[in-house]
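**Q** What follows is the file coords16.tsv, containing TSV, C-alpha atoms and all ligand atoms:
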chain	number	residue	atom	x	y	z
A	1	MET	CA	39.73	-84.42	84.88
A	2	LYS	CA	37.95	-81.82	82.83
A	3	ILE	CA	41.02	-81.31	80.69
A	4	ARG	CA	41.52	-85.05	80.28
A	5	ALA	CA	37.85	-85.56	79.36
A	6	GLY	CA	38.10	-82.75	76.83
A	7	ARG	CA	41.21	-84.28	75.29
A	8	LEU	CA	39.52	-87.66	75.25
A	9	LEU	CA	36.51	-86.15	73.52
A	10	GLY	CA	38.82	-84.42	71.07
A	11	ILE	CA	40.68	-87.64	70.31
A	12	CYS	CA	37.37	-89.46	69.90
A	13	ALA	CA	36.09	-86.73	67.56
A	14	VAL	CA	39.26	-86.88	65.42
A	15	ALA	CA	39.04	-90.68	65.36
A	16	ALA	CA	35.36	-90.52	64.38
A	17	VAL	CA	36.07	-88.04	61.57
A	18	THR	CA	38.97	-90.18	60.36
A	19	LEU	CA	36.78	-93.28	60.46
A	20	MET	CA	33.96	-91.49	58.64
A	21	THR	CA	36.38	-90.26	56.00
A	22	CYS	CA	37.77	-93.78	55.55
A	23	LEU	CA	34.28	-95.25	55.34
A	24	ARG	CA	32.88	-92.57	53.08
A	25	ALA	CA	35.44	-92.93	50.28
A	26	PRO	CA	34.70	-96.61	49.57
A	27	CYS	CA	30.95	-95.89	49.94
A	28	GLU	CA	31.12	-93.11	47.39
A	29	ASP	CA	33.18	-95.30	45.11
A	30	LYS	CA	30.60	-98.06	45.48
A	31	ARG	CA	27.75	-95.66	44.78
A	32	ARG	CA	29.53	-94.44	41.65
A	33	ASP	CA	30.21	-98.02	40.59
A	34	ASP	CA	26.55	-98.96	41.15
A	35	GLN	CA	25.45	-95.92	39.18
A	36	ARG	CA	27.84	-96.86	36.40
A	37	ASN	CA	26.70	-100.48	36.39
A	38	GLU	CA	23.01	-99.57	36.19
A	39	LYS	CA	23.46	-97.42	33.12
A	40	ARG	CA	23.22	-98.90	29.63
A	41	LYS	CA	26.63	-98.69	27.99
A	42	VAL	CA	26.69	-97.53	24.39
A	43	ILE	CA	29.27	-96.50	21.83
A	44	ILE	CA	27.92	-94.15	19.17
A	45	ASP	CA	29.41	-94.71	15.71
A	46	GLN	CA	28.28	-91.84	13.53
A	47	ASP	CA	28.93	-89.87	10.36
A	48	ALA	CA	28.55	-86.84	12.53
A	49	ALA	CA	27.80	-83.91	10.22
A	50	GLY	CA	26.71	-80.71	11.92
A	51	PRO	CA	25.86	-78.45	13.51
A	52	ALA	CA	22.51	-79.96	14.65
A	53	GLY	CA	20.88	-82.20	11.99
A	54	THR	CA	20.01	-85.85	12.32
A	55	ASP	CA	23.55	-87.04	13.16
A	56	GLN	CA	24.17	-84.67	16.07
A	57	GLN	CA	20.57	-84.84	17.31
A	58	ALA	CA	20.75	-88.64	17.50
A	59	ILE	CA	23.99	-88.39	19.50
A	60	LEU	CA	22.38	-85.84	21.80
A	61	LEU	CA	19.36	-88.05	22.55
A	62	LEU	CA	21.69	-90.80	23.78
A	63	ILE	CA	23.74	-88.39	25.91
A	64	GLN	CA	20.66	-86.58	27.29
A	65	SER	CA	19.07	-89.80	28.56
A	66	GLN	CA	19.55	-90.64	32.25
A	67	LEU	CA	19.58	-94.33	31.27
A	68	THR	CA	22.84	-94.34	29.33
A	69	GLU	CA	26.55	-94.17	29.71
A	70	VAL	CA	28.06	-93.07	26.39
A	71	LEU	CA	31.52	-94.63	26.41
A	72	GLY	CA	32.65	-92.77	23.33
A	73	ILE	CA	31.72	-91.40	19.92
A	74	THR	CA	33.52	-93.00	16.99
A	75	VAL	CA	33.32	-91.00	13.79
A	76	VAL	CA	33.30	-92.08	10.15
A	77	THR	CA	33.09	-90.27	6.82
A	78	GLY	CA	29.57	-90.37	5.38
A	79	ASP	CA	27.24	-87.39	5.42
A	80	ALA	CA	30.41	-85.25	5.59
A	81	TRP	CA	34.15	-85.83	5.80
A	82	LEU	CA	35.67	-87.34	8.93
A	83	THR	CA	37.69	-84.27	10.00
A	84	GLU	CA	34.78	-81.82	9.89
A	85	GLU	CA	32.47	-84.35	11.60
A	86	VAL	CA	34.97	-84.76	14.43
A	87	ALA	CA	35.15	-80.97	14.80
A	88	HIS	CA	31.33	-80.60	14.89
A	89	THR	CA	31.08	-83.36	17.50
A	90	LEU	CA	33.81	-81.92	19.73
A	91	ARG	CA	32.19	-78.49	19.55
A	92	MET	CA	28.73	-79.88	20.38
A	93	LEU	CA	30.21	-81.63	23.45
A	94	GLU	CA	31.88	-78.39	24.52
A	95	LEU	CA	28.58	-76.50	24.22
A	96	ILE	CA	26.67	-79.02	26.37
A	97	GLY	CA	29.53	-79.43	28.89
A	98	ARG	CA	30.30	-83.11	28.19
A	99	THR	CA	33.88	-83.01	26.98
A	100	ASP	CA	34.49	-86.06	29.19
A	101	ILE	CA	33.06	-88.22	26.37
A	102	PRO	CA	35.94	-89.24	24.09
A	103	VAL	CA	35.65	-88.61	20.35
A	104	LEU	CA	37.65	-90.99	18.17
A	105	ARG	CA	38.63	-90.61	14.55
A	106	GLY	CA	37.68	-93.54	12.33
A	107	ALA	CA	37.76	-94.22	8.60
A	108	GLU	CA	38.23	-91.36	6.16
A	109	TYR	CA	37.22	-93.48	3.15
A	110	PRO	CA	34.97	-96.49	2.50
A	111	LEU	CA	36.74	-99.87	2.19
A	112	VAL	CA	36.27	-100.25	-1.58
A	113	ARG	CA	33.88	-97.66	-3.04
A	114	THR	CA	35.54	-94.58	-4.47
A	115	LYS	CA	34.19	-91.22	-5.55
A	116	GLU	CA	35.60	-91.81	-9.04
A	117	GLU	CA	33.91	-95.19	-9.50
A	118	THR	CA	30.67	-93.77	-8.11
A	119	GLU	CA	30.76	-90.95	-10.70
A	120	ARG	CA	31.35	-93.51	-13.49
A	121	LEU	CA	28.40	-95.59	-12.26
A	122	GLU	CA	26.22	-92.45	-12.13
A	123	GLN	CA	27.06	-91.61	-15.76
A	124	ARG	CA	25.95	-95.08	-16.76
A	125	TYR	CA	22.98	-95.77	-14.48
A	126	GLY	CA	21.73	-92.34	-13.40
A	127	SER	CA	22.45	-89.97	-10.56
A	128	VAL	CA	22.24	-90.76	-6.87
A	129	ALA	CA	20.16	-88.39	-4.70
A	130	TRP	CA	22.55	-88.08	-1.74
A	131	LEU	CA	26.31	-88.60	-1.94
A	132	GLY	CA	27.23	-87.36	1.52
A	133	ALA	CA	30.75	-85.88	1.61
A	134	TRP	CA	30.92	-86.32	-2.17
A	135	THR	CA	27.78	-84.25	-2.94
A	136	PRO	CA	28.96	-81.77	-5.61
A	137	ARG	CA	27.23	-78.68	-4.18
A	138	PHE	CA	28.89	-79.17	-0.77
A	139	TYR	CA	32.15	-80.69	-1.90
A	140	HIS	CA	35.50	-79.69	-0.42
A	141	PRO	CA	38.69	-81.71	0.17
A	142	PRO	CA	38.66	-84.13	3.12
A	143	GLY	CA	41.02	-82.17	5.42
A	144	GLU	CA	39.02	-78.92	5.34
A	145	LEU	CA	36.45	-78.03	7.96
A	146	GLY	CA	33.76	-76.30	5.90
A	147	ALA	CA	31.41	-73.86	7.63
A	148	MET	CA	31.32	-74.05	11.42
A	149	PRO	CA	28.77	-71.45	12.55
A	150	GLU	CA	28.80	-72.92	16.06
A	151	GLY	CA	32.53	-72.11	16.37
A	152	LYS	CA	35.62	-74.29	16.18
A	153	PRO	CA	36.40	-76.62	19.07
A	154	THR	CA	39.37	-76.13	21.36
A	155	THR	CA	39.23	-79.76	22.51
A	156	LYS	CA	40.88	-82.57	20.54
A	157	PRO	CA	39.89	-86.08	19.54
A	158	ALA	CA	41.45	-89.02	21.40
A	159	GLU	CA	44.74	-90.36	20.10
A	160	GLU	CA	43.33	-93.90	19.81
A	161	ASP	CA	41.51	-94.73	16.56
A	162	ALA	CA	37.84	-95.71	16.41
A	163	ALA	CA	38.28	-99.40	15.53
A	164	HIS	CA	40.74	-100.12	18.33
A	165	PHE	CA	38.56	-98.24	20.83
A	166	LEU	CA	35.54	-100.33	19.80
A	167	VAL	CA	37.52	-103.54	20.26
A	168	ARG	CA	39.01	-102.42	23.58
A	169	MET	CA	35.64	-101.45	25.06
A	170	VAL	CA	33.89	-104.76	24.32
A	171	HIS	CA	36.80	-106.57	25.97
A	172	LYS	CA	36.63	-104.25	28.98
A	173	TYR	CA	32.83	-104.69	29.33
A	174	PRO	CA	32.06	-108.03	27.64
A	175	HIS	CA	28.39	-108.47	26.55
A	176	GLU	CA	27.46	-105.06	28.03
A	177	VAL	CA	28.13	-102.58	25.24
A	178	THR	CA	25.51	-101.68	22.64
A	179	ILE	CA	27.00	-100.55	19.36
A	180	TYR	CA	24.85	-97.76	17.92
A	181	GLU	CA	25.50	-97.23	14.22
A	182	GLY	CA	24.17	-94.09	12.58
A	183	GLY	CA	26.44	-94.00	9.54
A	184	PRO	CA	28.33	-96.17	7.06
A	185	MET	CA	29.68	-99.30	8.74
A	186	THR	CA	33.37	-98.84	7.87
A	187	ASN	CA	34.59	-98.50	11.48
A	188	LEU	CA	32.67	-101.60	12.57
A	189	ALA	CA	34.02	-103.64	9.65
A	190	LEU	CA	37.55	-102.56	10.58
A	191	ALA	CA	36.95	-103.55	14.23
A	192	ILE	CA	35.72	-106.97	13.08
A	193	SER	CA	38.75	-107.36	10.81
A	194	ILE	CA	41.10	-106.50	13.68
A	195	ASP	CA	39.29	-108.72	16.18
A	196	PRO	CA	36.72	-111.27	14.96
A	197	GLU	CA	35.47	-111.54	18.57
A	198	PHE	CA	34.28	-107.92	18.50
A	199	PRO	CA	30.63	-108.61	17.47
A	200	SER	CA	30.10	-111.56	19.82
A	201	LEU	CA	31.56	-109.60	22.75
A	202	ALA	CA	29.21	-106.67	22.13
A	203	LYS	CA	25.71	-106.74	23.60
A	204	GLU	CA	24.00	-105.91	20.30
A	205	LEU	CA	24.12	-103.78	17.17
A	206	VAL	CA	21.41	-101.20	16.52
A	207	PHE	CA	21.65	-99.28	13.27
A	208	MET	CA	19.92	-96.80	11.00
A	209	GLY	CA	20.19	-98.12	7.49
A	210	ALA	CA	18.74	-100.35	4.77
A	211	SER	CA	15.61	-99.83	2.72
A	212	LEU	CA	13.04	-102.51	1.91
A	213	ASN	CA	9.80	-101.15	0.50
A	214	PRO	CA	9.22	-97.61	1.79
A	215	GLN	CA	5.77	-96.16	1.07
A	216	THR	CA	6.65	-92.66	-0.05
A	217	ASP	CA	6.60	-90.20	-2.95
A	218	ASP	CA	10.11	-89.04	-2.01
A	219	PRO	CA	12.03	-89.17	-5.33
A	220	GLU	CA	15.11	-90.50	-3.49
A	221	PHE	CA	13.26	-93.79	-2.93
A	222	ALA	CA	10.34	-93.85	-5.38
A	223	ASN	CA	12.49	-95.42	-8.12
A	224	SER	CA	15.17	-96.92	-5.89
A	225	PRO	CA	13.36	-98.49	-2.96
A	226	ARG	CA	16.33	-100.69	-2.04
A	227	HIS	CA	18.83	-97.83	-1.98
A	228	GLU	CA	19.83	-96.33	1.38
A	229	PHE	CA	22.85	-94.06	1.91
A	230	ASN	CA	24.54	-95.58	5.01
A	231	LEU	CA	24.77	-99.10	3.56
A	232	TRP	CA	25.27	-97.83	-0.01
A	233	PHE	CA	28.26	-95.61	0.85
A	234	ASP	CA	30.33	-98.58	2.06
A	235	PRO	CA	28.66	-101.76	0.79
A	236	GLU	CA	31.62	-104.04	1.56
A	237	ALA	CA	31.70	-102.82	5.17
A	238	ALA	CA	27.96	-103.42	5.52
A	239	HIS	CA	28.43	-106.93	4.07
A	240	ILE	CA	31.12	-107.74	6.66
A	241	VAL	CA	29.08	-106.31	9.53
A	242	LEU	CA	25.72	-107.86	8.61
A	243	ARG	CA	27.25	-111.34	8.32
A	244	ALA	CA	29.09	-111.14	11.66
A	245	PRO	CA	27.88	-113.14	14.69
A	246	TRP	CA	26.15	-110.41	16.73
A	247	LYS	CA	23.88	-111.59	19.50
A	248	GLN	CA	21.20	-109.23	18.24
A	249	ILE	CA	20.86	-106.82	15.31
A	250	VAL	CA	18.14	-104.16	15.26
A	251	CYS	CA	17.53	-102.11	12.10
A	252	THR	CA	15.75	-98.79	11.62
A	253	PRO	CA	15.19	-98.76	7.83
A	254	VAL	CA	14.00	-96.02	5.47
A	255	ASP	CA	10.55	-97.70	5.62
A	256	ILE	CA	9.99	-96.34	9.13
A	257	SER	CA	12.16	-93.18	8.84
A	258	VAL	CA	9.79	-91.77	6.20
A	259	LYS	CA	6.96	-91.88	8.76
A	260	THR	CA	8.73	-89.19	10.83
A	261	ARG	CA	9.33	-85.48	10.15
A	262	MET	CA	11.37	-82.75	11.73
A	263	THR	CA	9.11	-79.68	11.69
A	264	ASN	CA	9.35	-76.03	12.67
A	265	GLU	CA	6.84	-76.82	15.40
A	266	LEU	CA	9.24	-79.36	16.92
A	267	ILE	CA	12.18	-76.96	16.58
A	268	ASP	CA	10.15	-74.23	18.33
A	269	LYS	CA	9.26	-76.57	21.20
A	270	ILE	CA	12.92	-77.48	21.66
A	271	LYS	CA	14.01	-73.87	21.32
A	272	ALA	CA	11.73	-72.97	24.26
A	273	GLY	CA	13.89	-75.18	26.50
A	274	HIS	CA	16.77	-73.73	28.47
A	275	SER	CA	19.21	-76.66	28.41
A	276	PRO	CA	22.41	-76.15	26.42
A	277	ALA	CA	21.30	-79.01	24.15
A	278	ALA	CA	17.98	-77.27	23.46
A	279	GLN	CA	19.72	-73.97	22.76
A	280	TYR	CA	22.14	-75.69	20.38
A	281	ILE	CA	19.33	-77.37	18.41
A	282	GLY	CA	17.21	-74.19	18.49
A	283	LYS	CA	20.05	-72.17	17.06
A	284	TYR	CA	21.35	-74.52	14.36
A	285	ALA	CA	18.53	-76.90	13.29
A	286	ARG	CA	17.35	-76.10	9.77
A	287	LEU	CA	14.69	-77.69	7.58
A	288	ARG	CA	15.90	-78.52	4.08
A	289	GLY	CA	13.41	-79.34	1.32
A	290	SER	CA	10.26	-81.36	1.97
A	291	TYR	CA	11.63	-84.56	3.46
A	292	ASN	CA	13.24	-83.83	6.82
A	293	TYR	CA	13.08	-87.24	8.42
A	294	LEU	CA	14.28	-87.99	11.94
A	295	TRP	CA	16.47	-90.79	10.62
A	296	ASP	CA	19.06	-91.48	13.28
A	297	GLU	CA	17.05	-89.93	16.11
A	298	LEU	CA	14.46	-92.71	15.83
A	299	THR	CA	17.17	-95.38	16.17
A	300	SER	CA	18.34	-93.67	19.38
A	301	ALA	CA	14.85	-93.20	20.79
A	302	ALA	CA	13.66	-96.74	19.95
A	303	TRP	CA	16.71	-98.19	21.66
A	304	LEU	CA	15.99	-96.09	24.75
A	305	ASP	CA	12.28	-97.00	24.71
A	306	PRO	CA	11.41	-100.00	22.50
A	307	SER	CA	7.69	-99.40	23.12
A	308	LEU	CA	7.89	-96.62	20.49
A	309	ILE	CA	7.96	-99.37	17.86
A	310	THR	CA	4.51	-100.77	17.09
A	311	LYS	CA	5.45	-103.11	14.25
A	312	LYS	CA	8.65	-105.08	13.65
A	313	GLU	CA	9.56	-108.20	11.69
A	314	ASN	CA	12.58	-110.41	11.34
A	315	ARG	CA	14.49	-110.54	8.07
A	316	TYR	CA	17.85	-111.83	6.94
A	317	MET	CA	19.88	-109.03	5.42
A	318	ASP	CA	22.90	-108.50	3.18
A	319	ILE	CA	24.11	-106.05	0.54
A	320	ASN	CA	24.41	-106.23	-3.23
A	321	LEU	CA	28.15	-106.18	-4.00
A	322	ASP	CA	27.85	-106.43	-7.80
A	323	HIS	CA	29.39	-103.29	-9.29
A	324	GLY	CA	26.36	-102.50	-11.46
A	325	PRO	CA	23.21	-100.41	-11.01
A	326	GLY	CA	22.32	-102.18	-7.75
A	327	TYR	CA	25.75	-101.83	-6.09
A	328	GLY	CA	25.08	-101.14	-2.40
A	329	ASP	CA	21.36	-101.99	-2.47
A	330	THR	CA	19.75	-103.76	0.48
A	331	LEU	CA	19.05	-107.49	0.07
A	332	THR	CA	16.57	-109.19	2.43
A	333	TRP	CA	15.02	-112.62	2.86
A	334	THR	CA	12.66	-114.45	5.17
A	335	ASP	CA	13.31	-117.81	6.85
A	336	ARG	CA	11.67	-119.50	3.89
A	337	ASP	CA	13.76	-118.13	1.04
A	338	LYS	CA	17.07	-117.11	2.64
A	339	PRO	CA	20.27	-118.26	0.98
A	340	LYS	CA	22.09	-121.33	2.26
A	341	ARG	CA	25.22	-119.33	3.03
A	342	GLU	CA	25.51	-117.61	6.34
A	343	VAL	CA	23.18	-114.64	6.82
A	344	GLN	CA	22.08	-113.17	10.15
A	345	PRO	CA	18.56	-112.45	11.38
A	346	VAL	CA	17.81	-108.76	11.81
A	347	GLU	CA	14.91	-107.22	13.74
A	348	VAL	CA	13.51	-104.64	11.33
A	349	GLN	CA	11.30	-101.78	12.58
A	350	PHE	CA	8.32	-100.93	10.38
A	351	ASP	CA	5.95	-98.71	12.34
A	352	LEU	CA	5.92	-96.45	15.38
A	353	ASP	CA	3.88	-94.40	17.80
A	354	THR	CA	4.79	-91.09	16.20
A	355	GLU	CA	3.38	-88.76	18.85
A	356	LYS	CA	5.13	-90.66	21.64
A	357	PHE	CA	8.38	-90.41	19.69
A	358	TYR	CA	8.05	-86.65	19.11
A	359	LYS	CA	7.28	-86.10	22.81
A	360	MET	CA	10.33	-88.10	23.85
A	361	PHE	CA	12.46	-86.20	21.31
A	362	VAL	CA	11.44	-82.82	22.76
A	363	ASP	CA	11.54	-83.97	26.39
A	364	LEU	CA	15.07	-85.36	26.12
A	365	LEU	CA	16.51	-82.42	24.21
A	366	THR	CA	15.04	-79.90	26.65
A	367	ALA	CA	16.10	-81.84	29.78
A	368	PRO	CA	19.22	-80.93	31.76
A	369	THR	CA	22.27	-82.77	30.46
A	370	PRO	CA	23.22	-85.59	32.85
A	371	GLN	CA	26.55	-85.18	34.57
A	372	PRO	CA	29.26	-87.68	33.72
A	373	VAL	CA	29.37	-90.93	35.66
A	374	LYS	CA	32.96	-90.80	36.82
A	375	ALA	CA	34.96	-93.83	37.68
A	376	SER	CA	37.97	-94.71	35.59
A	377	ALA	CA	38.54	-93.23	32.16
A	378	PRO	CA	37.20	-95.47	29.38
B	1	CA	CA	24.09	-90.62	10.34
Using C-alpha cells, write down the structure from this file.

**A**
Amino acid sequence: MKIRAGRLLGICAVAAVTLMTCLRAPCEDKRRDDQRNEKRKVIIDQDAAGPAGTDQQAILLLIQSQLTEVLGITVVTGDAWLTEEVAHTLRMLELIGRTDIPVLRGAEYPLVRTKEETERLEQRYGSVAWLGAWTPRFYHPPGELGAMPEGKPTTKPAEEDAAHFLVRMVHKYPHEVTIYEGGPMTNLALAISIDPEFPSLAKELVFMGASLNPQTDDPEFANSPRHEFNLWFDPEAAHIVLRAPWKQIVCTPVDISVKTRMTNELIDKIKAGHSPAAQYIGKYARLRGSYNYLWDELTSAAWLDPSLITKKENRYMDINLDHGPGYGDTLTWTDRDKPKREVQPVEVQFDLDTEKFYKMFVDLLTAPTPQPVKASAP
C-alpha cells in the first residue's frame, strides 16, 4: 500500500507540475499581452545625428519611459546624412541594451529640394543658419560615417525600409500608433504616397517643427521668424504631411523650443546617474554656442506628459512652396482667415512648465532602461 500510495503521490505530483506548466504558459503570454496593450505604441521618425544631442536624447526619453512601446526608429537625412544617423542610432541602442528595437533606413534626400538649388537661393537671398547634412563646415559625402567617438555599431538596420515599416505598423495596430516626427517629413510623405490610409490609421502625429513668431534674439530666427529647419529641409514632404487626414496633429514649434536650454548643470545631473543612458549622455553631450535648445526632447516629454504644456492654440498649417526667399517657410492661419482649400488643424504648443520639464528630462535619462516587452517581432 505504501508503495502504491507513493506512486500515486508521484503521479499526482507529475500531473500537477504538468498542469501548472500548461497553465503558466498561457498566463505568462496573457500577462505579456496585457503589458504590451497597456503601453503607448510609438514609432520615432528622426534625423538621428549623434552621439547624444537633441535627436538621440529625444529618442532616449521615449525609450526610457515605462509608458511606451517603441515599435521602431525610422531614420531620415536632416541634421546629418542617413547612413551616419543610422550608425549613431544603432550604437546608442547597443550601449543601452535595447537592440531589440528595429532601426529602419528611410530617405537619403528630400523629395524636391537639392543642395545645389539651396546654394543658388542662398547666393540670391542670403545664407541659411543651419543646413544640416549640407552644412559646409561638417560636410562629407552621404555614404561616409563621419566621427563616431562612441564606437561603430556591430548591429545592422532592418532590411525593410522606413516608409513600408510605417505603413505596415499602422495596419497591424490600427488607430494605436503615435507617429513621432523629430526631423524632416520625407519618410512620412513617402508612407502617405505609398498608402493614403497611413495617416488615418495612425493614432496621431506629434512633431517638432514650424516657426510662427518666436520671441528671441537668436540670429537664426530674429530675421527669419517663419524659418524652421525640419520643415524647410523638405518643404514638399511637409506640405503632403500637413494636408493629410490625421486624427490629431500636435506641433512643438521654435516658439516654445527657445524657452528651453540644455545646460552644463543639466548634463552634470544626468552624468551623476548610473544608467547606461545617463552615462552615454554624460560622456557625449556637448554645448555648442549660446542657443542649445531642447528641441526634440520637449516634443517627446510633452507627449509623455501633456501637463508640461501650459499654453497651446489651434492653427491651420502649411508650407510655402514658392521657390523664392520664403521657400520652406511655415504658413499658419486661424479659423477666421484660413484658405478655402483643405488645410488641417494643428495643436501648437506655446508655453511650458520649464522646471517640470527639466526634472522629467533628468529623471527619465537617469532611470533604468525598461526591458523590452516581448511578444511577436514588430
Ligand atoms: Ca531632429

**Q** Show which residues sit within 8 Å of stretch 327-336 of chain A, as an MDAnalysis selection string. Count all atoms listed in the file, and ignore same-chain residues fewer than 5 positions away.

**A** chainID A and resid 210:212 226:228 231:235 314:322

**Q** Which chains and residue numbers are within 12 Å of ligand CA 1 (chain B), counting only C-alpha atoms and all ligand atoms, if I want them as a ChimeraX atom specification?

**A** /A:44-50,52-59,74-80,85,132-133,180-185,207-209,228-231,233,252,293-300

**Q** To one decimal place in Å, what is the distance between atom CA of A:His171 and atom CA of A:Glu197?

**A** 9.0 Å

**Q** Identify which of the residues A:Leu304, A:Val177, A:Leu104, A:Ala202 lies closest to A:Glu159, counting only C-alpha atoms when measuring atom-to-atom distances.

**A**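 Ranking A:Leu304, A:Val177, A:Leu104, A:Ala202 by distance to A:Glu159, first place goes to A:Leu104.
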
**Q** Which is closest to A:Ala189 among A:Leu166, A:Leu365, A:Ile63, A:Ala158, if we use only C-alpha atoms?

**A**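 For A:Ala189, the nearest of the candidates is A:Leu166.
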
**Q** Taking into account only C-alpha atoms, which residue in the set A:Trp81, A:Pro110, A:Leu190, A:Phe357 is nearest to A:Tyr139?

**A** A:Trp81

**Q** Measuring between only C-alpha atoms, which one of A:Ala244, A:Val206, A:Val103, A:Val167 shows the shortest distance to A:Gln344?

**A**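 Answer, going by the shortest atom-to-atom distance: A:Ala244.
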
**Q** Nearest residue to A:Ser257 out of A:Ser290, A:Thr310, A:Thr155, A:Thr216, using only C-alpha atoms?

**A**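 Nearest candidate to A:Ser257 out of A:Ser290, A:Thr310, A:Thr155, A:Thr216: A:Thr216.
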
**Q** Record the distance separating atom CA of A:Ala238 and atom CA of A:Gly289, expressed in Å with one decimal.

**A** 28.4 Å
